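> Have a peek at input12.tsv (TSV, C-alpha atoms).
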```tsv
chain	number	residue	atom	x	y	z
N	1	MET	CA	-3.52	12.97	23.90
N	2	ALA	CA	-0.33	11.26	22.86
N	3	VAL	CA	1.02	11.80	26.38
N	4	GLN	CA	-2.08	10.23	27.88
N	5	SER	CA	-1.67	7.25	25.54
N	6	ASN	CA	1.91	6.70	26.63
N	7	LEU	CA	0.99	6.92	30.31
N	8	ARG	CA	-1.67	4.30	29.78
N	9	ASP	CA	0.76	2.00	28.03
N	10	MET	CA	3.31	2.24	30.80
N	11	SER	CA	1.08	1.75	33.78
N	12	LEU	CA	-1.98	-0.14	32.62
N	13	SER	CA	-1.76	-2.79	35.34
N	14	SER	CA	-1.47	-0.21	38.09
N	15	VAL	CA	-4.39	1.94	36.93
N	16	PRO	CA	-7.49	1.39	39.08
N	17	ARG	CA	-10.34	-0.33	37.21
N	18	THR	CA	-12.56	2.77	37.42
N	19	ALA	CA	-9.86	4.98	35.96
N	20	SER	CA	-8.84	2.55	33.22
N	21	SER	CA	-12.46	2.21	32.14
N	22	ILE	CA	-12.64	5.92	31.33
N	23	LEU	CA	-9.36	5.96	29.45
N	24	PRO	CA	-9.77	5.71	25.68
N	25	THR	CA	-8.83	2.55	23.83
N	26	ARG	CA	-5.70	2.61	21.70
N	27	LYS	CA	-7.75	3.09	18.52
N	28	GLU	CA	-9.50	6.03	20.13
N	29	ASP	CA	-6.08	7.35	21.17
N	30	ALA	CA	-4.98	7.19	17.55
N	31	ARG	CA	-8.06	9.01	16.32
N	32	MET	CA	-7.71	11.61	19.06
N	33	ALA	CA	-4.08	12.07	18.15
N	34	ILE	CA	-5.11	12.70	14.55
N	35	SER	CA	-7.80	15.20	15.48
N	36	PHE	CA	-5.41	16.89	17.92
N	37	LEU	CA	-2.61	17.42	15.42
N	38	LEU	CA	-4.24	17.48	12.02
N	39	PRO	CA	-6.77	19.84	10.51
N	40	PRO	CA	-9.93	17.80	9.80
N	41	GLU	CA	-9.62	18.24	6.03
N	42	VAL	CA	-6.08	16.79	6.05
N	43	ALA	CA	-7.15	13.87	8.27
N	44	ASP	CA	-10.12	13.23	5.94
N	45	ARG	CA	-7.87	13.31	2.89
N	46	ILE	CA	-5.47	10.82	4.50
N	47	GLU	CA	-8.37	8.50	5.41
N	48	SER	CA	-9.70	8.77	1.87
N	49	ILE	CA	-6.31	7.89	0.30
N	50	LEU	CA	-5.93	4.90	2.64
N	51	ALA	CA	-9.49	3.76	1.89
N	52	GLN	CA	-8.84	3.99	-1.86
N	53	LEU	CA	-5.63	2.02	-1.48
N	54	ARG	CA	-7.46	-0.64	0.50
N	55	TYR	CA	-10.16	-0.88	-2.17
N	56	LYS	CA	-7.66	-1.17	-5.01
N	57	THR	CA	-5.44	-3.75	-3.30
N	58	GLN	CA	-8.12	-5.58	-1.28
N	59	ALA	CA	-5.71	-5.34	1.65
N	60	SER	CA	-6.79	-6.59	5.07
N	61	CYS	CA	-5.48	-3.51	6.81
N	62	ILE	CA	-3.64	-0.32	5.95
N	63	LEU	CA	-1.86	1.95	8.41
N	64	LEU	CA	-0.09	5.26	8.18
N	65	ALA	CA	2.30	5.94	11.04
N	66	ASP	CA	5.06	8.36	11.76
N	67	ILE	CA	8.65	7.16	11.88
N	68	GLY	CA	8.39	6.77	15.67
N	69	GLY	CA	5.43	4.39	15.34
N	70	GLN	CA	2.64	6.82	16.29
N	71	LEU	CA	-0.47	5.82	14.37
N	72	ILE	CA	-1.84	8.56	12.12
N	73	GLY	CA	-4.46	6.77	10.05
N	74	GLU	CA	-5.85	3.29	9.53
N	75	GLN	CA	-8.26	1.43	7.29
N	76	GLY	CA	-9.53	-2.09	7.82
N	77	THR	CA	-9.22	-4.36	10.80
N	78	MET	CA	-8.04	-7.85	11.62
N	79	ASP	CA	-8.90	-10.16	14.49
N	80	HIS	CA	-6.54	-10.08	17.49
N	81	PHE	CA	-4.72	-7.17	15.96
N	82	ASP	CA	-3.79	-4.01	17.82
N	83	THR	CA	-2.97	-1.40	15.20
N	84	ALA	CA	-1.17	0.89	17.66
N	85	ILE	CA	1.22	-1.89	18.70
N	86	PHE	CA	1.57	-3.02	15.09
N	87	SER	CA	2.53	0.46	13.86
N	88	ALA	CA	5.16	0.71	16.62
N	89	LEU	CA	6.58	-2.69	15.59
N	90	THR	CA	6.74	-1.73	11.92
N	91	ALA	CA	8.54	1.50	12.82
N	92	GLY	CA	11.09	-0.61	14.72
N	93	ASN	CA	11.32	-2.90	11.71
N	94	MET	CA	12.06	0.03	9.38
N	95	ALA	CA	14.69	1.30	11.80
N	96	ALA	CA	16.38	-2.13	11.81
N	97	THR	CA	16.39	-2.32	8.02
N	98	ALA	CA	17.85	1.19	7.88
N	99	GLU	CA	20.85	-0.23	9.70
N	100	ILE	CA	20.99	-3.17	7.27
N	101	ALA	CA	20.97	-0.63	4.41
N	102	ARG	CA	23.86	1.21	6.04
N	103	GLN	CA	25.79	-2.04	6.49
N	104	VAL	CA	25.54	-2.88	2.78
N	105	GLY	CA	26.69	0.60	1.82
N	106	GLU	CA	23.36	2.24	0.97
N	107	GLU	CA	23.44	5.99	1.50
N	108	THR	CA	19.79	6.15	2.55
N	109	HIS	CA	17.40	3.67	4.17
N	110	PHE	CA	15.52	1.07	2.12
N	111	LYS	CA	12.36	2.59	0.71
N	112	GLN	CA	10.34	-0.62	0.83
N	113	VAL	CA	10.32	-3.76	2.95
N	114	PHE	CA	8.26	-6.84	2.15
N	115	HIS	CA	7.51	-9.75	4.52
N	116	GLU	CA	5.96	-12.77	2.82
N	117	GLY	CA	3.86	-15.08	5.00
N	118	GLU	CA	1.82	-18.25	4.47
N	119	ARG	CA	-1.53	-16.44	4.62
N	120	GLN	CA	-0.77	-12.76	5.18
N	121	SER	CA	2.07	-10.61	3.95
N	122	VAL	CA	3.20	-7.17	5.03
N	123	TYR	CA	4.49	-4.42	2.79
N	124	LEU	CA	6.13	-1.35	4.32
N	125	CYS	CA	7.23	1.75	2.51
N	126	SER	CA	8.39	5.15	3.59
N	127	VAL	CA	6.42	8.29	2.81
N	128	GLY	CA	9.03	11.03	2.71
N	129	ASP	CA	11.48	10.91	5.60
N	130	SER	CA	9.03	10.91	8.48
N	131	PHE	CA	6.19	8.50	7.72
N	132	LEU	CA	5.49	4.85	7.03
N	133	LEU	CA	2.77	3.24	4.99
N	134	VAL	CA	1.96	-0.32	6.08
N	135	VAL	CA	-0.16	-2.69	3.99
N	136	VAL	CA	-1.23	-6.06	5.43
N	137	PHE	CA	-2.61	-8.24	2.66
N	138	SER	CA	-3.61	-11.79	1.89
N	139	THR	CA	-1.12	-13.88	-0.06
N	140	ARG	CA	-3.85	-14.24	-2.72
N	141	VAL	CA	-3.15	-10.60	-3.63
N	142	GLN	CA	-0.23	-10.03	-6.02
N	143	ILE	CA	2.72	-8.17	-4.53
N	144	GLY	CA	3.07	-6.13	-7.73
N	145	LEU	CA	-0.48	-4.82	-7.25
N	146	VAL	CA	0.25	-3.71	-3.70
N	147	ARG	CA	3.52	-2.13	-4.76
N	148	LEU	CA	1.95	-0.29	-7.72
N	149	PHE	CA	-0.94	1.21	-5.79
N	150	ALA	CA	1.14	1.87	-2.67
N	151	ARG	CA	3.44	3.99	-4.85
N	152	GLN	CA	0.39	5.85	-6.14
N	153	ALA	CA	-0.80	6.44	-2.55
N	154	VAL	CA	2.66	7.63	-1.50
N	155	LYS	CA	2.61	10.25	-4.29
N	156	GLN	CA	-0.75	11.49	-2.98
N	157	LEU	CA	0.36	11.37	0.67
N	158	LEU	CA	3.65	13.22	0.22
N	159	PRO	CA	2.19	16.77	0.17
N	160	LEU	CA	0.00	15.92	3.18
N	161	ALA	CA	3.03	14.51	5.00
N	162	GLY	CA	4.72	17.84	4.37
N	163	GLU	CA	1.79	19.67	5.99
N	164	PHE	CA	1.87	17.28	8.95
N	165	GLU	CA	5.60	17.82	9.42
N	166	ALA	CA	5.06	21.57	9.37
N	167	LEU	CA	2.37	21.23	12.07
N	168	GLN	CA	4.61	19.06	14.21
N	169	ALA	CA	7.31	21.71	13.99
N	170	GLN	CA	4.95	24.26	15.60
N	171	PRO	CA	4.15	22.82	19.04
N	172	GLY	CA	3.42	26.28	20.43
N	173	GLU	CA	0.27	26.59	18.36
N	174	ALA	CA	-1.03	23.15	19.30
N	175	ILE	CA	-0.76	23.79	23.05
N	176	ASP	CA	-2.90	26.46	24.56
N	177	VAL	CA	-1.08	29.47	26.08
N	178	ASP	CA	-2.64	28.72	29.48
N	179	PHE	CA	-1.52	25.10	29.36
N	180	GLY	CA	1.59	25.68	31.54
N	181	GLU	CA	-0.38	27.48	34.22
N	182	ALA	CA	-3.18	24.89	34.23
N	183	LEU	CA	-0.64	22.07	34.43
N	184	GLY	CA	1.08	23.77	37.37
N	185	ILE	CA	-2.20	24.10	39.28
N	186	GLU	CA	-3.14	20.48	38.62
N	187	MET	CA	0.30	19.20	39.64
N	188	GLU	CA	0.17	21.22	42.83
N	189	SER	CA	-3.26	19.85	43.66
N	190	VAL	CA	-2.17	16.23	43.01
N	191	LEU	CA	1.07	16.58	44.97
N	192	SER	CA	-0.63	18.31	47.91
N	193	GLY	CA	-2.82	15.18	48.23
N	194	TRP	CA	0.35	13.15	48.59
N	195	ALA	CA	1.68	15.28	51.47
N	196	ALA	CA	3.16	13.35	54.42
N	197	PRO	CA	0.53	12.33	57.01
Q	1	MET	CA	-20.85	-18.13	-19.67
Q	2	SER	CA	-24.21	-16.72	-18.55
Q	3	ASP	CA	-24.37	-13.24	-16.95
Q	4	ASN	CA	-25.07	-14.80	-13.56
Q	5	GLN	CA	-22.16	-17.23	-13.82
Q	6	HIS	CA	-19.99	-14.35	-14.96
Q	7	GLU	CA	-20.91	-12.26	-11.90
Q	8	VAL	CA	-20.06	-15.21	-9.62
Q	9	ALA	CA	-16.73	-15.73	-11.41
Q	10	LEU	CA	-15.79	-12.07	-10.92
Q	11	PHE	CA	-16.68	-11.99	-7.23
Q	12	GLY	CA	-13.67	-11.27	-5.02
Q	13	LEU	CA	-11.42	-10.16	-7.86
Q	14	THR	CA	-9.53	-6.88	-7.80
Q	15	PRO	CA	-10.65	-4.32	-10.45
Q	16	LEU	CA	-7.56	-5.13	-12.56
Q	17	GLU	CA	-8.21	-8.88	-12.36
Q	18	GLU	CA	-11.77	-8.18	-13.50
Q	19	VAL	CA	-10.40	-6.36	-16.55
Q	20	LEU	CA	-8.15	-9.32	-17.43
Q	21	HIS	CA	-11.02	-11.76	-16.92
Q	22	LYS	CA	-13.29	-9.80	-19.28
Q	23	MET	CA	-10.48	-9.39	-21.83
Q	24	ASN	CA	-9.84	-13.15	-21.80
Q	25	ASP	CA	-13.54	-13.72	-22.45
Q	26	GLN	CA	-13.54	-11.23	-25.33
Q	27	GLY	CA	-10.39	-12.53	-27.00
Q	28	HIS	CA	-10.70	-16.20	-25.96
Q	29	PHE	CA	-7.20	-15.96	-24.51
Q	30	GLU	CA	-5.74	-18.90	-22.60
Q	31	ALA	CA	-4.06	-16.74	-19.97
Q	32	SER	CA	-3.20	-13.14	-19.24
Q	33	ILE	CA	-1.11	-11.22	-16.77
Q	34	LEU	CA	-0.38	-7.61	-15.93
Q	35	ALA	CA	3.17	-7.20	-14.61
Q	36	SER	CA	5.40	-4.37	-13.52
Q	37	ASN	CA	8.52	-3.63	-15.56
Q	38	ASP	CA	10.65	-5.10	-12.77
Q	39	GLY	CA	8.94	-8.47	-13.10
Q	40	LEU	CA	6.36	-8.49	-10.33
Q	41	PRO	CA	2.83	-9.71	-11.06
Q	42	ILE	CA	0.16	-7.03	-10.57
Q	43	ALA	CA	-2.87	-9.02	-11.68
Q	44	ALA	CA	-3.30	-12.44	-13.23
Q	45	VAL	CA	-6.14	-14.69	-14.25
Q	46	SER	CA	-5.67	-18.18	-12.88
Q	47	SER	CA	-4.31	-20.57	-15.49
Q	48	SER	CA	-1.77	-23.34	-15.83
Q	49	TYR	CA	1.00	-20.76	-16.12
Q	50	ASP	CA	2.80	-19.67	-12.94
Q	51	SER	CA	2.19	-15.93	-12.52
Q	52	ASP	CA	5.54	-15.21	-10.83
Q	53	THR	CA	7.50	-16.91	-13.62
Q	54	THR	CA	5.42	-15.33	-16.38
Q	55	ALA	CA	5.79	-11.83	-14.89
Q	56	ALA	CA	9.55	-12.27	-14.57
Q	57	MET	CA	9.89	-13.57	-18.14
Q	58	VAL	CA	7.79	-10.86	-19.79
Q	59	ALA	CA	9.80	-8.23	-17.92
Q	60	LEU	CA	12.97	-9.88	-19.24
Q	61	LEU	CA	11.54	-9.71	-22.77
Q	62	GLN	CA	10.84	-6.03	-22.27
Q	63	THR	CA	14.44	-5.39	-21.20
Q	64	VAL	CA	15.76	-7.18	-24.28
Q	65	SER	CA	13.32	-5.43	-26.61
Q	66	LYS	CA	14.28	-2.04	-25.15
Q	67	GLN	CA	17.94	-2.81	-25.78
Q	68	ALA	CA	17.16	-3.89	-29.36
Q	69	ARG	CA	15.11	-0.74	-29.91
Q	70	VAL	CA	17.99	1.47	-28.76
Q	71	GLU	CA	20.61	-0.42	-30.80
Q	72	LEU	CA	18.46	-0.40	-33.93
Q	73	GLY	CA	17.23	3.16	-33.53
Q	74	MET	CA	13.56	2.16	-33.50
Q	75	ALA	CA	10.67	4.16	-32.01
Q	76	GLU	CA	8.89	3.13	-28.76
Q	77	VAL	CA	8.04	-0.58	-28.74
Q	78	ASP	CA	4.30	-1.21	-28.87
Q	79	GLU	CA	4.30	-4.98	-28.64
Q	80	VAL	CA	6.53	-8.02	-28.66
Q	81	SER	CA	5.19	-11.42	-29.58
Q	82	ILE	CA	6.58	-14.94	-29.61
Q	83	LEU	CA	4.93	-17.54	-31.77
Q	84	ASP	CA	5.52	-21.22	-31.00
Q	85	ARG	CA	5.25	-24.19	-33.39
Q	86	ASP	CA	1.73	-24.92	-32.16
Q	87	ARG	CA	0.76	-21.40	-33.34
Q	88	ILE	CA	0.20	-20.24	-29.78
Q	89	ARG	CA	1.33	-16.66	-29.41
Q	90	LEU	CA	2.64	-14.85	-26.36
Q	91	VAL	CA	1.87	-11.16	-26.84
Q	92	CYS	CA	3.36	-8.47	-24.61
Q	93	ARG	CA	1.84	-5.00	-24.86
Q	94	TYR	CA	3.64	-2.14	-23.11
Q	95	LEU	CA	1.69	0.53	-21.27
Q	96	VAL	CA	2.85	3.65	-19.46
Q	97	ILE	CA	0.33	4.91	-16.92
Q	98	ASP	CA	1.17	7.90	-14.75
Q	99	GLY	CA	4.87	7.19	-15.22
Q	100	GLU	CA	4.52	3.49	-14.30
Q	101	GLU	CA	5.65	1.06	-17.00
Q	102	LEU	CA	3.35	-1.95	-17.11
Q	103	ILE	CA	3.34	-5.06	-19.27
Q	104	LEU	CA	0.13	-6.68	-20.41
Q	105	ALA	CA	0.87	-10.22	-21.59
Q	106	VAL	CA	-1.63	-12.65	-23.10
Q	107	MET	CA	-1.46	-16.21	-24.46
Q	108	VAL	CA	-3.39	-16.17	-27.74
Q	109	PRO	CA	-4.68	-19.45	-29.22
Q	110	PRO	CA	-3.97	-20.17	-32.92
Q	111	ASN	CA	-5.68	-17.92	-35.48
Q	112	ARG	CA	-7.20	-15.54	-32.95
Q	113	CYS	CA	-7.12	-11.74	-33.09
Q	114	TYR	CA	-5.84	-9.96	-30.03
Q	115	ARG	CA	-5.31	-6.24	-30.79
Q	116	ARG	CA	-8.86	-5.07	-30.17
Q	117	ALA	CA	-9.26	-6.95	-26.87
Q	118	THR	CA	-5.84	-5.87	-25.56
Q	119	ASN	CA	-6.47	-2.23	-26.62
Q	120	TRP	CA	-9.76	-2.33	-24.71
Q	121	ALA	CA	-7.98	-3.80	-21.67
Q	122	ALA	CA	-5.25	-1.12	-21.82
Q	123	LEU	CA	-7.91	1.61	-21.59
Q	124	GLN	CA	-9.69	-0.16	-18.74
Q	125	ILE	CA	-6.43	-0.66	-16.84
Q	126	LYS	CA	-5.67	3.05	-17.19
Q	127	ALA	CA	-9.15	3.90	-15.91
Q	128	ALA	CA	-8.85	1.47	-12.98
Q	129	TYR	CA	-5.47	2.94	-12.03
Q	130	GLU	CA	-6.70	6.52	-12.13
Q	131	ARG	CA	-10.09	5.88	-10.50
```
Let me see the structure of the file written as structure tokens.

Amino acid sequence: MAVQSNLRDMSLSSVPRTASSILPTRKEDARMAISFLLPPEVADRIESILAQLRYKTQASCILLADIGGQLIGEQGTMDHFDTAIFSALTAGNMAATAEIARQVGEETHFKQVFHEGERQSVYLCSVGDSFLLVVVFSTRVQIGLVRLFARQAVKQLLPLAGEFEALQAQPGEAIDVDFGEALGIEMESVLSGWAAP
Amino acid sequence: MSDNQHEVALFGLTPLEEVLHKMNDQGHFEASILASNDGLPIAAVSSSYDSDTTAAMVALLQTVSKQARVELGMAEVDEVSILDRDRIRLVCRYLVIDGEELILAVMVPPNRCYRRATNWAALQIKAAYER
């Protein structure tokens, strides 16, 4: 599903209308990615932790993404806000601050990054080495509150992140044994349609 | 404040702000804040005091009191209070919840008791954190 999502991102303008209409939205991509990689009970637990964090902080939106920006879980929505793009941007942001940390002599990356806005602020923190927790919250909410409960959520997410990492390290189990053969047949069929006239 | 007015006043508050609001009502406090030990506000009830400044100052007080405790060989500090010439008292109560050090600070008007209300709030804060 993640591959399909990337293809859609790269060639959206060239996809015929009929084909693009059957492709899932980015949010659906994210949910499919979760169901594809995560056992349902782990995905449910992640959603529950994010929902609790949102309740306690009254955040506008909460995202959990991997270090590459792939969305894993989300709670809450905002107008004109694409969570898949946002999670990719925050991953880029964390990568940039990792370099800042290196420049100032830190041995590891910064664990938290806070952006203060006029109406909305963004708090980013790492969950282990591979994941990011992103909290978008109104400036009416105290930063200390977000920080306190984000730390609590990180403690709860860490064991789940470990499970997720273990699953990612076993791609053979996620892809069916017949996948290679099926892919070969499909590729052959597509390419034969492109044969010279 | 009537029950209805109270409900309206609490609308839109975080659970921790609700606790502070109710504690202020119980103890007739002028202001209250819950801050982290590094000086960031966690919850505050709106008052004339700036929450960022108050949080930073009560965290500073905690640092000094910790140093004094170590130098003087005292046990864990339960509270620190500052009394001004108008008899207004700043009380800082220290809480440790799930390894997080928090500071509950209240401005107590002259001749008012504060232990019972702040003890109640400490229990409620713990419950809200663990809920």
> Go ahead and compute the interatomic distance for CA of Ala31 in chain Q and CA of Met107 in chain Q, in Å to one decimal.
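Computing it gives 5.2 Å between the two atoms.
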> Quote the spacing between CA of Lys111 in chain N and CA of Asp50 in chain Q in Å to one decimal place.
27.8 Å
> Given a cut-off of 9 Å, which residues of chain N touch chain Q, counting only C-alpha atoms, written out as a list in words?
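Here they are: Gln52, Tyr55, Lys56, Thr57, Gln58, Val141, Gln142, Ile143, Gly144, Leu145, Val146, Arg147, Leu148, Phe149 and Gln152 of chain N.
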> For the point (-1.7, -16.2, -29.5) in the file's frame, write as a list in words all residues with an atom no more than 10 Å away, counting only C-alpha atoms.
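Protein and nucleic acid residues near the point are Gly27, His28, Phe29, Glu30, Ala31, Ser81, Ile82, Leu83, Asp84, Asp86, Arg87, Ile88, Arg89, Leu90, Val91, Val106, Met107, Val108, Pro109, Pro110, Asn111, Arg112, Cys113 and Tyr114 of chain Q.
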> Write a file of the just-selected residues containing C-alpha atoms, as a compact mmCIF listing (two decimals), keeping the file's coordinate frame.

```
# COMPACT_ATOMS: atom_id res chain seq x y z
CA GLY Q 27 -10.39 -12.53 -27.00
CA HIS Q 28 -10.70 -16.20 -25.96
CA PHE Q 29 -7.20 -15.96 -24.51
CA GLU Q 30 -5.74 -18.90 -22.60
CA ALA Q 31 -4.06 -16.74 -19.97
CA SER Q 81 5.19 -11.42 -29.58
CA ILE Q 82 6.58 -14.94 -29.61
CA LEU Q 83 4.93 -17.54 -31.77
CA ASP Q 84 5.52 -21.22 -31.00
CA ASP Q 86 1.73 -24.92 -32.16
CA ARG Q 87 0.76 -21.40 -33.34
CA ILE Q 88 0.20 -20.24 -29.78
CA ARG Q 89 1.33 -16.66 -29.41
CA LEU Q 90 2.64 -14.85 -26.36
CA VAL Q 91 1.87 -11.16 -26.84
CA VAL Q 106 -1.63 -12.65 -23.10
CA MET Q 107 -1.46 -16.21 -24.46
CA VAL Q 108 -3.39 -16.17 -27.74
CA PRO Q 109 -4.68 -19.45 -29.22
CA PRO Q 110 -3.97 -20.17 -32.92
CA ASN Q 111 -5.68 -17.92 -35.48
CA ARG Q 112 -7.20 -15.54 -32.95
CA CYS Q 113 -7.12 -11.74 -33.09
CA TYR Q 114 -5.84 -9.96 -30.03
```
> What's the separation between CA of Gly162 in chain N and CA of Asp66 in chain N, in Å to one decimal place?
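Distance reported for this atom pair: 12.0 Å.
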> At a cut-off of 8 Å, using all atoms listed in the file, what residues contact Val122 in chain N? Leave out same-chain residues fewer than 3 positions from it and give the result as a short mmCIF file (atom, residue, chain, number, x, y, z; two decimals) with C-alpha atoms, in the coordinates of the input.

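To be explicit, this is the file written out as result.cif:
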```
data_model
loop_
_atom_site.label_atom_id
_atom_site.label_comp_id
_atom_site.auth_asym_id
_atom_site.auth_seq_id
_atom_site.Cartn_x
_atom_site.Cartn_y
_atom_site.Cartn_z
CA PHE N 114 8.26 -6.84 2.15
CA HIS N 115 7.51 -9.75 4.52
CA GLU N 116 5.96 -12.77 2.82
CA GLY N 117 3.86 -15.08 5.00
CA VAL N 134 1.96 -0.32 6.08
CA VAL N 135 -0.16 -2.69 3.99
CA VAL N 136 -1.23 -6.06 5.43
CA PHE N 137 -2.61 -8.24 2.66
#
```
> Can you tell me which residues surround Ile67 in chain N at a distance of at most 8 Å, considering only C-alpha atoms, apart from same-chain residues fewer than 2 positions away, and format the answer as a PDB file with C-alpha atoms, in the frame of the given file?

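Result file is out11.pdb:
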```pdb
ATOM      1  CA  ALA N  65       2.300   5.940  11.040  1.00  0.00           C
ATOM      2  CA  GLY N  69       5.430   4.390  15.340  1.00  0.00           C
ATOM      3  CA  GLN N  70       2.640   6.820  16.290  1.00  0.00           C
ATOM      4  CA  ALA N  91       8.540   1.500  12.820  1.00  0.00           C
ATOM      5  CA  ASP N 129      11.480  10.910   5.600  1.00  0.00           C
ATOM      6  CA  SER N 130       9.030  10.910   8.480  1.00  0.00           C
ATOM      7  CA  PHE N 131       6.190   8.500   7.720  1.00  0.00           C
ATOM      8  CA  LEU N 132       5.490   4.850   7.030  1.00  0.00           C
TER       9      LEU N 132
END
```
> Rank N:Ala96, N:Ala166, N:Cys125, N:Met78 by their smallest atom-to-atom distance to Val154 in chain N, using all atoms listed in the file, and report the top residue only.
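Smallest distance to Val154 in chain N is found for N:Cys125.
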